[in-house]
There are 2 protein chains.
Amino acid sequence: MKLIDGKAVAAQIKLEIAKEVKQLIDKGQKRPHLAAILVGHDGGSETYVRNKVKSCEECGFESTLIRYEDNVTEKELLAKVTELNNNQDIDGFIVQLPLPKHISEQKVIEAIDYRKDVDGFHPINVGRMSIGLPCYISATPNGILELLKRYNIETEGKKCVVLGRSNIVGKPMASLMMQKQYPGNATVTVCHSRSKDLVKECQSADIIIAALGQPEFVTADMVKEGAVIIDVGTTRVPSTETKSGFRLKGDIKFDEVAPKCSYITPVPGGVGPMTIVSLMRNTLLAGKKEIYQ
Amino acid sequence: MKLIDGKAVAAQIKLEIAKEVKQLIDKGQKRPHLAAILVGHDGGSETYVRNKVKSCEECGFESTLIRYEDNVTEKELLAKVTELNNNQDIDGFIVQLPLPKHISEQKVIEAIDYRKDVDGFHPINVGRMSIGLPCYISATPNGILELLKRYNIETEGKKCVVLGRSNIVGKPMASLMMQKQYPGNATVTVCHSRSKDLVKECQSADIIIAALGQPEFVTADMVKEGAVIIDVGTTRVPSTETKSGFRLKGDIKFDEVAPKCSYITPVPGGVGPMTIVSLMRNTLLAGKKEIYQ
């Protein structure tokens with residue numbers, strides 16, 4: 001069994017990005033600039049955005065954080081989105097989700113110029129990904145592809161079971177794994193809450209990508225000997241062993257599944273660190289205008 | 001075994017549309033108007049477009065056919081697309097594919113205003129479909145959904161194997177069958193040329209949607225007793241029995257597979273007739289501005 005060290009890969013990629021940014025600057029080009037809009041004070045969102053700003057620094061990007069209180073109106077937020085769309089200095093930006101209930105997330109996402117949509121949530125980017133055209137791929141699926149690549153994990157013709165059909169992980173992951181490219185060319189099965197034969201599907205899978213958000217859902221009996229396991233789950237569960245009073249649990253019952261696998265991602269330290277790094281890679285692409293002019 | 005009579009369902013839907021159009025006109029509203037651009041004289045394209053124009057008449061739509069010779073430039077074609085985008089009288093339009101090699105199909109597709117893209121090929125419509133938002137769904141997948149609906153075929157929790165991963169059938173079909181709705185909520189597996197266990201996947205499928213374009217690819221041994229079989233294949237094979245000198249063959253070896261099925265679509269007369277009718281349904285939606293303003 002080989003542990004997929006997302007933390008180490010993420011650190012390595014950040015170094016690679018920083019090096020490329022330095023080269024850009026040396027050539028007199030503009031420093032990539034990421035902006036983030038954060039609404040309210042949700043603990044998780046605060047942490048994510050803080051880490052994104054920190055990663056920008058590590059990569060040599062410029063970053064701008066725009067904060068609003070919970071009572072910001074949809075109109076104000078949309079006006080800011082338009083302003084960022086038109087701001088030539090901003091290469092890409094994100095609106096940290098979730099948003100307060102009185103604001104339509106979908107409306108905000110669709111208001112973002114798809115050429116600056118480094119989160120890859122705009123329908124144009126989602127559609128282009130499905131068709132197989134260059135686009136911003138959303139962070140988590142993109143991070144998983146990168147892990148598969150860096151560990152040279154074979155995917156062609158393999159049976160890949162994706163657990164979960166969320167718009168930000170399950171669906172794009174399935175779409176990517178079936179594309180005519182590496183990593184991809186897999187036989188992809190998407191299972192979800194309504195699936196009757198989920199266990200059987202998992203048992204015949206060469207690769208399982210678990211994104212259900214159900215702690216320790218995948219047990220050893222569901223996994224084939226030698227399978228590759230990618231754990232996207234990060235549920236906070238109470239813990240007396242940590243200072244914070246909680247710990248992160250993945251969708252995989254790690255201790256019993258790990259011995260059966262060829263590769264497995266731990267939680268934390270697997271897919272998680274790759275997510276922010278994927279956003280950084282998209283920001284670099286945006287800065288270099290590699291996908292859209 | 002029950003034969004899914006696409007021809008009869010298509011005829012029924014055309015009547016329903018014609019009735020609704022009559023009601024629109026009676027209320028003093030505008031007659032839906034579909035335009036089609038046809039480049040060159042490809043036999044298949046000529047037939048499709050002729051049938052589309054004929055279907056428009058049956059539905060009570062206005063239709064406009066715009067023809068170009070093979071040597072039309074990309075620039076001319078794009079100018080026409082822009083003109084149609086801006087023409088208030090045209091509710092929706094299509095550019096019949098394939099286009100001559102010197103014209104980028106993708107560029108033309110993306111030039112179409114997504115609000116008039118009744119073929120559902122624009123990345124925005126593809127992306128919105130994947131996310132589960134209202135959009136124009138492309139004709140063949142939409143026609144298949146309608147057949148499943150009209151025959152009350154259960155899909156929730158069923159194993160649905162999609163054979164083929166084309167942008168116009170396989171991928172959208174998979175995306176639709178996994179959505180949280182009916183028809184959908186299926187466990188979806190996409191198999192293709194690189195799939196190693198295609199036969200095994202088919203053998204455990206409750207529903208097979210075959211869109212490989214390989215005549216009689218699916219044989220009886222690949223099909224579970226009681227399965228639902230949707231045959232999207234329409235390959236022309238030489239025949240001495242028809243006046244035209246060819247006949248259409250599906251991806252399913254019909255004679256041996258049919259006795260094992262609960263439902264099966266014939267070729268011709270199954271999915272084919274539903275395709276044009278789906279375009280008509282999208283045109284009606286466009287005329288009524290039900291999806292986009």
# chains A, B, ... in the order shown; residues from 1 in each chain; ligands from 1

call {"tool": "select_by_dssp", "arguments": {"residues": "segment 48-278 of chain A", "states": "strand (DSSP E or B)", "output": "PyMOL selection string"}}
result
chain A and resi 62-68+92-95+159-163+187-191+207-210+218+228-231+235-238+246-249+252+263-264

call {"tool": "write_last_selection", "arguments": {"atoms": "C-alpha atoms", "output": "short mmCIF file (atom, residue, chain, number, x, y, z; two decimals), in the first residue's frame"}}
result
data_model
loop_
_atom_site.label_atom_id
_atom_site.label_comp_id
_atom_site.auth_asym_id
_atom_site.auth_seq_id
_atom_site.Cartn_x
_atom_site.Cartn_y
_atom_site.Cartn_z
CA GLU A 62 -1.08 39.30 -5.65
CA SER A 63 -4.29 38.73 -3.70
CA THR A 64 -7.22 40.88 -2.68
CA LEU A 65 -9.76 39.94 -0.06
CA ILE A 66 -13.12 41.67 -0.19
CA ARG A 67 -15.31 41.20 2.86
CA TYR A 68 -19.00 41.77 3.36
CA GLY A 92 -9.37 35.67 -11.61
CA PHE A 93 -11.66 35.76 -8.62
CA ILE A 94 -13.85 33.59 -6.48
CA VAL A 95 -16.90 34.13 -4.33
CA LYS A 159 -13.37 0.74 -13.64
CA CYS A 160 -13.68 3.98 -11.71
CA VAL A 161 -16.55 4.30 -9.26
CA VAL A 162 -17.44 7.82 -8.17
CA LEU A 163 -19.48 7.96 -4.98
CA THR A 187 -15.14 3.10 -17.40
CA VAL A 188 -16.94 5.43 -15.04
CA THR A 189 -19.80 4.55 -12.70
CA VAL A 190 -21.54 7.18 -10.60
CA CYS A 191 -23.28 5.93 -7.45
CA ILE A 207 -10.48 3.13 -8.55
CA ILE A 208 -12.94 4.52 -5.99
CA ILE A 209 -13.39 8.26 -5.63
CA ALA A 210 -15.52 8.79 -2.53
CA VAL A 218 -16.53 2.70 2.63
CA VAL A 228 -6.84 2.86 -5.72
CA ILE A 229 -8.80 4.88 -3.17
CA ILE A 230 -9.31 8.62 -3.33
CA ASP A 231 -11.08 10.02 -0.28
CA THR A 235 -16.60 15.64 7.82
CA ARG A 236 -15.88 17.26 11.16
CA VAL A 237 -16.55 14.84 14.00
CA PRO A 238 -16.20 15.60 17.71
CA PHE A 246 -13.03 17.95 16.50
CA ARG A 247 -11.18 16.04 13.82
CA LEU A 248 -11.70 15.48 10.11
CA LYS A 249 -13.01 12.12 8.98
CA ILE A 252 -13.22 5.76 3.87
CA TYR A 263 -2.82 3.59 -3.30
CA ILE A 264 -4.89 5.58 -0.84
#

call {"tool": "interface_residues", "arguments": {"of": "chain B", "to": "chain A", "cutoff": "7 Å", "atoms": "only C-alpha atoms", "output": "list in words"}}
result
Pro123, Ile124, Val126, Gly127, Arg128, Ile131, Glu156, Gly157, Lys158, Asn167, Asn185, Ala186, Thr187, Val188, Thr189, Val190, Cys191, Arg194, Ser195 and Lys196 of chain B

call {"tool": "atom_distance", "arguments": {"atom1": "atom CA of Lys54 of chain A", "atom2": "atom CA of Ala11 of chain A"}}
result
12.5 Å

call {"tool": "select_by_dssp", "arguments": {"residues": "segment 8-231 of chain A", "states": "helix (DSSP H, G or I)", "output": "short mmCIF file (atom, residue, chain, number, x, y, z; two decimals) with C-alpha atoms, in the first residue's frame"}}
result
data_model
loop_
_atom_site.label_atom_id
_atom_site.label_comp_id
_atom_site.auth_asym_id
_atom_site.auth_seq_id
_atom_site.Cartn_x
_atom_site.Cartn_y
_atom_site.Cartn_z
CA ALA A 8 3.81 16.98 -0.19
CA VAL A 9 2.52 17.18 -3.79
CA ALA A 10 0.73 20.43 -3.00
CA ALA A 11 3.90 21.92 -1.50
CA GLN A 12 5.86 20.82 -4.57
CA ILE A 13 3.33 22.40 -6.95
CA LYS A 14 3.36 25.64 -5.02
CA LEU A 15 7.15 25.75 -5.48
CA GLU A 16 6.71 25.10 -9.20
CA ILE A 17 4.14 27.88 -9.48
CA ALA A 18 6.32 30.31 -7.50
CA LYS A 19 9.20 29.53 -9.84
CA GLU A 20 7.05 30.20 -12.89
CA VAL A 21 5.73 33.43 -11.41
CA LYS A 22 9.30 34.55 -10.81
CA GLN A 23 10.08 33.87 -14.46
CA LEU A 24 7.04 35.90 -15.53
CA ILE A 25 8.13 38.83 -13.40
CA ASP A 26 11.70 38.53 -14.67
CA GLY A 43 -15.82 29.38 10.41
CA GLY A 44 -15.09 27.03 7.54
CA SER A 45 -15.20 29.80 4.95
CA GLU A 46 -12.90 31.99 7.04
CA THR A 47 -10.35 29.19 7.20
CA TYR A 48 -10.57 28.39 3.48
CA VAL A 49 -10.19 32.02 2.45
CA ARG A 50 -7.32 32.58 4.87
CA ASN A 51 -5.54 29.57 3.41
CA LYS A 52 -6.18 30.80 -0.12
CA VAL A 53 -4.65 34.19 0.67
CA LYS A 54 -1.68 32.47 2.30
CA SER A 55 -1.22 30.20 -0.72
CA CYS A 56 -1.29 33.23 -3.00
CA GLU A 57 1.62 34.66 -1.04
CA GLU A 58 3.55 31.39 -1.30
CA CYS A 59 2.98 31.33 -5.06
CA GLU A 74 -27.60 40.42 -3.65
CA LYS A 75 -27.52 43.60 -5.66
CA GLU A 76 -24.43 44.92 -3.86
CA LEU A 77 -22.69 41.60 -4.32
CA LEU A 78 -23.57 41.44 -8.02
CA ALA A 79 -22.29 45.00 -8.45
CA LYS A 80 -18.96 43.96 -6.94
CA VAL A 81 -18.82 40.95 -9.26
CA THR A 82 -19.33 43.25 -12.25
CA GLU A 83 -16.64 45.56 -10.94
CA LEU A 84 -14.17 42.67 -10.64
CA ASN A 85 -15.17 41.43 -14.12
CA ASN A 86 -14.17 44.80 -15.50
CA GLU A 105 -25.55 31.45 -5.35
CA GLN A 106 -26.35 30.42 -8.91
CA LYS A 107 -27.04 34.00 -9.94
CA VAL A 108 -23.75 35.14 -8.45
CA ILE A 109 -21.81 32.30 -10.10
CA GLU A 110 -23.34 33.07 -13.49
CA ALA A 111 -22.58 36.77 -13.07
CA TYR A 114 -16.27 32.87 -17.20
CA ARG A 115 -12.82 34.02 -18.27
CA LYS A 116 -12.11 34.96 -14.64
CA PRO A 123 -21.92 26.80 -16.69
CA ILE A 124 -19.62 27.67 -19.60
CA ASN A 125 -16.65 26.14 -17.83
CA VAL A 126 -18.70 23.13 -16.71
CA GLY A 127 -19.97 22.64 -20.27
CA ARG A 128 -16.56 23.06 -21.88
CA MET A 129 -15.11 20.51 -19.46
CA SER A 130 -17.78 18.00 -20.43
CA ILE A 131 -17.20 18.58 -24.15
CA ALA A 139 -10.49 22.67 -7.76
CA THR A 140 -11.23 19.35 -6.14
CA PRO A 141 -11.60 17.24 -9.31
CA ASN A 142 -8.58 18.97 -10.79
CA GLY A 143 -6.56 18.24 -7.67
CA ILE A 144 -7.50 14.56 -7.86
CA LEU A 145 -6.46 14.36 -11.52
CA GLU A 146 -3.12 15.88 -10.55
CA LEU A 147 -2.59 13.32 -7.79
CA LEU A 148 -3.33 10.47 -10.20
CA LYS A 149 -0.85 11.98 -12.64
CA ARG A 150 1.93 12.60 -10.15
CA GLY A 170 -19.04 13.86 -8.20
CA LYS A 171 -20.35 15.05 -11.55
CA PRO A 172 -17.21 16.83 -12.79
CA MET A 173 -15.05 13.95 -11.54
CA ALA A 174 -17.12 11.48 -13.56
CA SER A 175 -16.99 13.73 -16.58
CA LEU A 176 -13.20 14.03 -16.37
CA MET A 177 -12.51 10.35 -15.81
CA LEU A 198 -23.50 0.62 -4.61
CA VAL A 199 -21.62 -2.03 -2.64
CA LYS A 200 -21.36 -4.37 -5.63
CA GLU A 201 -20.17 -1.53 -7.84
CA CYS A 202 -17.46 -0.64 -5.34
CA GLN A 203 -16.37 -4.25 -5.02
CA ALA A 220 -12.92 -3.06 3.75
CA ASP A 221 -15.51 -5.53 2.45
CA MET A 222 -16.48 -3.02 -0.24
#

call {"tool": "calpha_fit_and_write", "arguments": {"fixed": "chain A", "moving": "chain B", "output": "compact mmCIF listing (two decimals) with C-alpha atoms, in the first residue's frame"}}
result
# COMPACT_ATOMS: atom_id res chain seq x y z
CA MET B 1 0.03 -0.01 -0.03
CA LYS B 2 1.31 3.43 -0.97
CA LEU B 3 0.05 6.55 0.74
CA ILE B 4 -0.74 9.41 -1.63
CA ASP B 5 0.81 12.39 0.05
CA GLY B 6 -1.34 15.31 -1.06
CA LYS B 7 0.38 17.65 1.32
CA ALA B 8 3.80 16.99 -0.19
CA VAL B 9 2.52 17.18 -3.78
CA ALA B 10 0.72 20.43 -2.99
CA ALA B 11 3.88 21.91 -1.50
CA GLN B 12 5.85 20.82 -4.56
CA ILE B 13 3.31 22.39 -6.94
CA LYS B 14 3.37 25.66 -5.02
CA LEU B 15 7.13 25.75 -5.47
CA GLU B 16 6.70 25.09 -9.20
CA ILE B 17 4.14 27.88 -9.47
CA ALA B 18 6.32 30.31 -7.49
CA LYS B 19 9.21 29.53 -9.84
CA GLU B 20 7.06 30.20 -12.89
CA VAL B 21 5.73 33.43 -11.41
CA LYS B 22 9.30 34.56 -10.80
CA GLN B 23 10.09 33.86 -14.46
CA LEU B 24 7.04 35.89 -15.52
CA ILE B 25 8.14 38.83 -13.39
CA ASP B 26 11.70 38.53 -14.68
CA LYS B 27 10.32 38.80 -18.20
CA GLY B 28 8.54 41.98 -17.17
CA GLN B 29 5.09 40.39 -17.16
CA LYS B 30 2.29 41.06 -14.72
CA ARG B 31 2.03 39.27 -11.39
CA PRO B 32 -1.11 37.05 -11.38
CA HIS B 33 -3.78 38.54 -9.17
CA LEU B 34 -6.55 36.59 -7.42
CA ALA B 35 -9.43 38.27 -5.64
CA ALA B 36 -11.75 36.55 -3.18
CA ILE B 37 -15.10 37.76 -1.91
CA LEU B 38 -16.04 36.54 1.55
CA VAL B 39 -19.51 37.17 2.96
CA GLY B 40 -20.12 36.81 6.69
CA HIS B 41 -18.07 34.96 9.29
CA ASP B 42 -18.68 31.24 8.71
CA GLY B 43 -15.81 29.41 10.42
CA GLY B 44 -15.10 27.05 7.54
CA SER B 45 -15.20 29.82 4.94
CA GLU B 46 -12.89 32.02 7.05
CA THR B 47 -10.35 29.20 7.20
CA TYR B 48 -10.56 28.41 3.49
CA VAL B 49 -10.18 32.03 2.46
CA ARG B 50 -7.31 32.59 4.88
CA ASN B 51 -5.54 29.58 3.41
CA LYS B 52 -6.18 30.81 -0.11
CA VAL B 53 -4.66 34.19 0.68
CA LYS B 54 -1.68 32.47 2.31
CA SER B 55 -1.22 30.19 -0.72
CA CYS B 56 -1.29 33.24 -2.99
CA GLU B 57 1.62 34.67 -1.04
CA GLU B 58 3.54 31.40 -1.29
CA CYS B 59 2.97 31.32 -5.04
CA GLY B 60 4.00 34.94 -5.52
CA PHE B 61 0.52 36.06 -6.56
CA GLU B 62 -1.08 39.30 -5.65
CA SER B 63 -4.28 38.74 -3.71
CA THR B 64 -7.21 40.89 -2.69
CA LEU B 65 -9.76 39.96 -0.07
CA ILE B 66 -13.11 41.69 -0.19
CA ARG B 67 -15.30 41.23 2.86
CA TYR B 68 -19.01 41.81 3.35
CA GLU B 69 -21.19 41.34 6.37
CA ASP B 70 -24.01 38.77 6.25
CA ASN B 71 -26.54 41.47 5.48
CA VAL B 72 -25.01 42.48 2.14
CA THR B 73 -27.69 42.57 -0.54
CA GLU B 74 -27.60 40.44 -3.66
CA LYS B 75 -27.52 43.64 -5.67
CA GLU B 76 -24.43 44.95 -3.87
CA LEU B 77 -22.68 41.63 -4.32
CA LEU B 78 -23.56 41.46 -8.02
CA ALA B 79 -22.29 45.02 -8.46
CA LYS B 80 -18.96 43.98 -6.94
CA VAL B 81 -18.80 40.96 -9.27
CA THR B 82 -19.32 43.26 -12.26
CA GLU B 83 -16.63 45.58 -10.96
CA LEU B 84 -14.17 42.67 -10.66
CA ASN B 85 -15.17 41.42 -14.12
CA ASN B 86 -14.17 44.80 -15.50
CA ASN B 87 -11.06 45.31 -13.40
CA GLN B 88 -8.18 44.63 -15.77
CA ASP B 89 -5.80 44.04 -12.90
CA ILE B 90 -7.75 41.09 -11.47
CA ASP B 91 -6.96 37.91 -13.43
CA GLY B 92 -9.37 35.67 -11.61
CA PHE B 93 -11.67 35.76 -8.62
CA ILE B 94 -13.86 33.60 -6.48
CA VAL B 95 -16.90 34.13 -4.33
CA GLN B 96 -16.52 31.90 -1.30
CA LEU B 97 -19.58 29.65 -0.84
CA PRO B 98 -21.93 29.20 0.93
CA LEU B 99 -23.66 32.57 0.70
CA PRO B 100 -26.44 33.76 3.03
CA LYS B 101 -29.87 32.42 2.10
CA HIS B 102 -31.19 35.70 0.72
CA ILE B 103 -28.59 35.64 -2.06
CA SER B 104 -28.86 33.31 -5.04
CA GLU B 105 -25.55 31.47 -5.34
CA GLN B 106 -26.35 30.43 -8.89
CA LYS B 107 -27.05 34.01 -9.93
CA VAL B 108 -23.75 35.15 -8.44
CA ILE B 109 -21.82 32.30 -10.09
CA GLU B 110 -23.34 33.08 -13.48
CA ALA B 111 -22.59 36.79 -13.06
CA ILE B 112 -18.86 36.04 -12.92
CA ASP B 113 -17.09 36.46 -16.26
CA TYR B 114 -16.29 32.85 -17.19
CA ARG B 115 -12.83 34.00 -18.25
CA LYS B 116 -12.12 34.95 -14.62
CA ASP B 117 -14.04 32.04 -13.08
CA VAL B 118 -11.03 30.25 -11.58
CA ASP B 119 -13.36 28.16 -9.40
CA GLY B 120 -14.71 26.63 -12.62
CA PHE B 121 -18.33 26.79 -11.44
CA HIS B 122 -19.74 28.87 -14.31
CA PRO B 123 -21.92 26.78 -16.66
CA ILE B 124 -19.63 27.66 -19.58
CA ASN B 125 -16.64 26.11 -17.81
CA VAL B 126 -18.71 23.12 -16.70
CA GLY B 127 -19.97 22.62 -20.25
CA ARG B 128 -16.56 23.03 -21.85
CA MET B 129 -15.12 20.50 -19.44
CA SER B 130 -17.79 17.97 -20.41
CA ILE B 131 -17.20 18.54 -24.13
CA GLY B 132 -13.44 18.23 -23.58
CA LEU B 133 -12.49 21.84 -24.38
CA PRO B 134 -9.90 23.94 -22.50
CA CYS B 135 -11.50 25.52 -19.44
CA TYR B 136 -11.10 26.17 -15.74
CA ILE B 137 -11.67 22.84 -14.04
CA SER B 138 -13.01 23.10 -10.52
CA ALA B 139 -10.49 22.68 -7.74
CA THR B 140 -11.25 19.33 -6.12
CA PRO B 141 -11.61 17.23 -9.30
CA ASN B 142 -8.58 18.97 -10.77
CA GLY B 143 -6.55 18.23 -7.65
CA ILE B 144 -7.50 14.56 -7.85
CA LEU B 145 -6.46 14.37 -11.52
CA GLU B 146 -3.12 15.89 -10.54
CA LEU B 147 -2.58 13.32 -7.78
CA LEU B 148 -3.34 10.47 -10.20
CA LYS B 149 -0.84 11.99 -12.63
CA ARG B 150 1.94 12.60 -10.14
CA TYR B 151 1.69 9.02 -8.87
CA ASN B 152 1.49 7.64 -12.43
CA ILE B 153 -1.69 5.80 -11.60
CA GLU B 154 -3.07 3.97 -14.61
CA THR B 155 -6.67 4.88 -15.45
CA GLU B 156 -7.22 3.74 -19.03
CA GLY B 157 -9.85 1.02 -19.26
CA LYS B 158 -10.05 0.83 -15.47
CA LYS B 159 -13.35 0.73 -13.64
CA CYS B 160 -13.66 3.98 -11.72
CA VAL B 161 -16.55 4.28 -9.25
CA VAL B 162 -17.43 7.80 -8.17
CA LEU B 163 -19.49 7.93 -4.98
CA GLY B 164 -21.61 11.06 -4.92
CA ARG B 165 -23.09 13.25 -7.65
CA SER B 166 -22.55 16.77 -6.34
CA ASN B 167 -22.02 19.56 -8.84
CA ILE B 168 -18.62 20.39 -7.40
CA VAL B 169 -17.10 16.91 -7.05
CA GLY B 170 -19.04 13.85 -8.18
CA LYS B 171 -20.35 15.04 -11.53
CA PRO B 172 -17.21 16.81 -12.77
CA MET B 173 -15.05 13.94 -11.53
CA ALA B 174 -17.11 11.46 -13.55
CA SER B 175 -16.99 13.71 -16.57
CA LEU B 176 -13.20 14.03 -16.37
CA MET B 177 -12.50 10.35 -15.81
CA MET B 178 -14.38 9.41 -18.99
CA GLN B 179 -12.59 11.89 -21.27
CA LYS B 180 -10.34 10.58 -24.03
CA GLN B 181 -7.10 11.53 -22.26
CA TYR B 182 -4.91 10.69 -19.29
CA PRO B 183 -5.97 10.67 -16.49
CA GLY B 184 -9.24 9.45 -17.93
CA ASN B 185 -10.34 6.84 -20.46
CA ALA B 186 -11.85 4.98 -17.53
CA THR B 187 -15.12 3.11 -17.41
CA VAL B 188 -16.94 5.43 -15.04
CA THR B 189 -19.79 4.53 -12.71
CA VAL B 190 -21.54 7.15 -10.61
CA CYS B 191 -23.27 5.89 -7.45
CA HIS B 192 -25.34 7.99 -5.05
CA SER B 193 -28.02 7.86 -2.38
CA ARG B 194 -30.49 6.12 -4.70
CA SER B 195 -28.11 3.48 -6.01
CA LYS B 196 -29.21 -0.05 -5.20
CA ASP B 197 -25.99 -1.87 -6.04
CA LEU B 198 -23.49 0.60 -4.62
CA VAL B 199 -21.63 -2.06 -2.64
CA LYS B 200 -21.36 -4.37 -5.65
CA GLU B 201 -20.15 -1.53 -7.86
CA CYS B 202 -17.44 -0.65 -5.34
CA GLN B 203 -16.35 -4.26 -5.03
CA SER B 204 -15.51 -4.42 -8.72
CA ALA B 205 -13.85 -0.98 -8.87
CA ASP B 206 -10.20 -0.47 -9.72
CA ILE B 207 -10.47 3.13 -8.55
CA ILE B 208 -12.93 4.51 -5.99
CA ILE B 209 -13.39 8.25 -5.62
CA ALA B 210 -15.52 8.77 -2.53
CA ALA B 211 -17.31 12.10 -2.20
CA LEU B 212 -20.43 11.34 -0.22
CA GLY B 213 -19.62 13.24 2.95
CA GLN B 214 -20.49 10.20 5.08
CA PRO B 215 -17.69 9.43 7.53
CA GLU B 216 -16.17 5.96 7.14
CA PHE B 217 -18.87 4.89 4.69
CA VAL B 218 -16.54 2.70 2.61
CA THR B 219 -15.46 -0.37 4.54
CA ALA B 220 -12.91 -3.09 3.73
CA ASP B 221 -15.51 -5.54 2.44
CA MET B 222 -16.47 -3.02 -0.25
CA VAL B 223 -12.97 -2.74 -1.67
CA LYS B 224 -11.17 -5.00 -4.12
CA GLU B 225 -7.60 -6.04 -3.35
CA GLY B 226 -5.22 -3.58 -5.04
CA ALA B 227 -7.75 -0.82 -5.62
CA VAL B 228 -6.85 2.87 -5.74
CA ILE B 229 -8.81 4.87 -3.16
CA ILE B 230 -9.31 8.62 -3.32
CA ASP B 231 -11.09 10.01 -0.28
CA VAL B 232 -12.76 13.38 -0.78
CA GLY B 233 -14.77 13.26 2.43
CA THR B 234 -13.96 15.79 5.15
CA THR B 235 -16.60 15.63 7.83
CA ARG B 236 -15.88 17.27 11.17
CA VAL B 237 -16.56 14.84 13.98
CA PRO B 238 -16.21 15.61 17.70
CA SER B 239 -12.92 14.47 19.20
CA THR B 240 -11.39 14.63 22.65
CA GLU B 241 -7.94 14.16 21.21
CA THR B 242 -7.56 17.52 19.50
CA LYS B 243 -7.33 21.04 20.79
CA SER B 244 -10.10 22.21 18.47
CA GLY B 245 -12.46 19.56 19.85
CA PHE B 246 -13.03 17.95 16.47
CA ARG B 247 -11.18 16.04 13.82
CA LEU B 248 -11.72 15.47 10.09
CA LYS B 249 -13.03 12.11 8.96
CA GLY B 250 -13.01 10.89 5.40
CA ASP B 251 -15.59 8.73 3.62
CA ILE B 252 -13.22 5.75 3.85
CA LYS B 253 -12.72 3.60 6.93
CA PHE B 254 -9.01 4.16 6.52
CA ASP B 255 -7.51 1.68 8.99
CA GLU B 256 -9.23 -1.36 7.54
CA VAL B 257 -9.30 -0.27 3.89
CA ALA B 258 -5.69 0.92 3.57
CA PRO B 259 -4.06 -2.54 3.83
CA LYS B 260 -6.07 -3.73 0.80
CA CYS B 261 -5.23 -0.80 -1.48
CA SER B 262 -2.46 -0.15 -3.94
CA TYR B 263 -2.81 3.60 -3.31
CA ILE B 264 -4.89 5.58 -0.85
CA THR B 265 -5.26 9.23 0.15
CA PRO B 266 -5.34 10.01 3.88
CA VAL B 267 -7.73 12.52 5.49
CA PRO B 268 -6.41 15.06 6.24
CA GLY B 269 -3.39 15.46 3.99
CA GLY B 270 -4.71 13.81 0.84
CA VAL B 271 -7.16 15.55 -1.47
CA GLY B 272 -7.64 18.59 0.81
CA PRO B 273 -4.29 20.33 0.25
CA MET B 274 -4.63 19.77 -3.51
CA THR B 275 -7.85 21.75 -3.66
CA ILE B 276 -6.30 25.12 -2.87
CA VAL B 277 -3.33 24.33 -5.06
CA SER B 278 -5.70 23.69 -7.99
CA LEU B 279 -7.12 27.16 -7.48
CA MET B 280 -3.58 28.49 -7.58
CA ARG B 281 -2.91 26.64 -10.83
CA ASN B 282 -6.07 28.12 -12.35
CA THR B 283 -4.98 31.57 -11.19
CA LEU B 284 -1.63 31.09 -12.90
CA LEU B 285 -3.43 30.03 -16.10
CA ALA B 286 -5.63 33.10 -15.78
CA GLY B 287 -2.63 35.36 -15.26
CA LYS B 288 -0.97 33.91 -18.35
CA LYS B 289 -4.28 34.02 -20.28
CA GLU B 290 -3.63 30.46 -21.35
CA ILE B 291 -7.25 29.36 -21.56
CA TYR B 292 -9.13 32.50 -22.49
CA GLN B 293 -7.86 35.75 -23.98
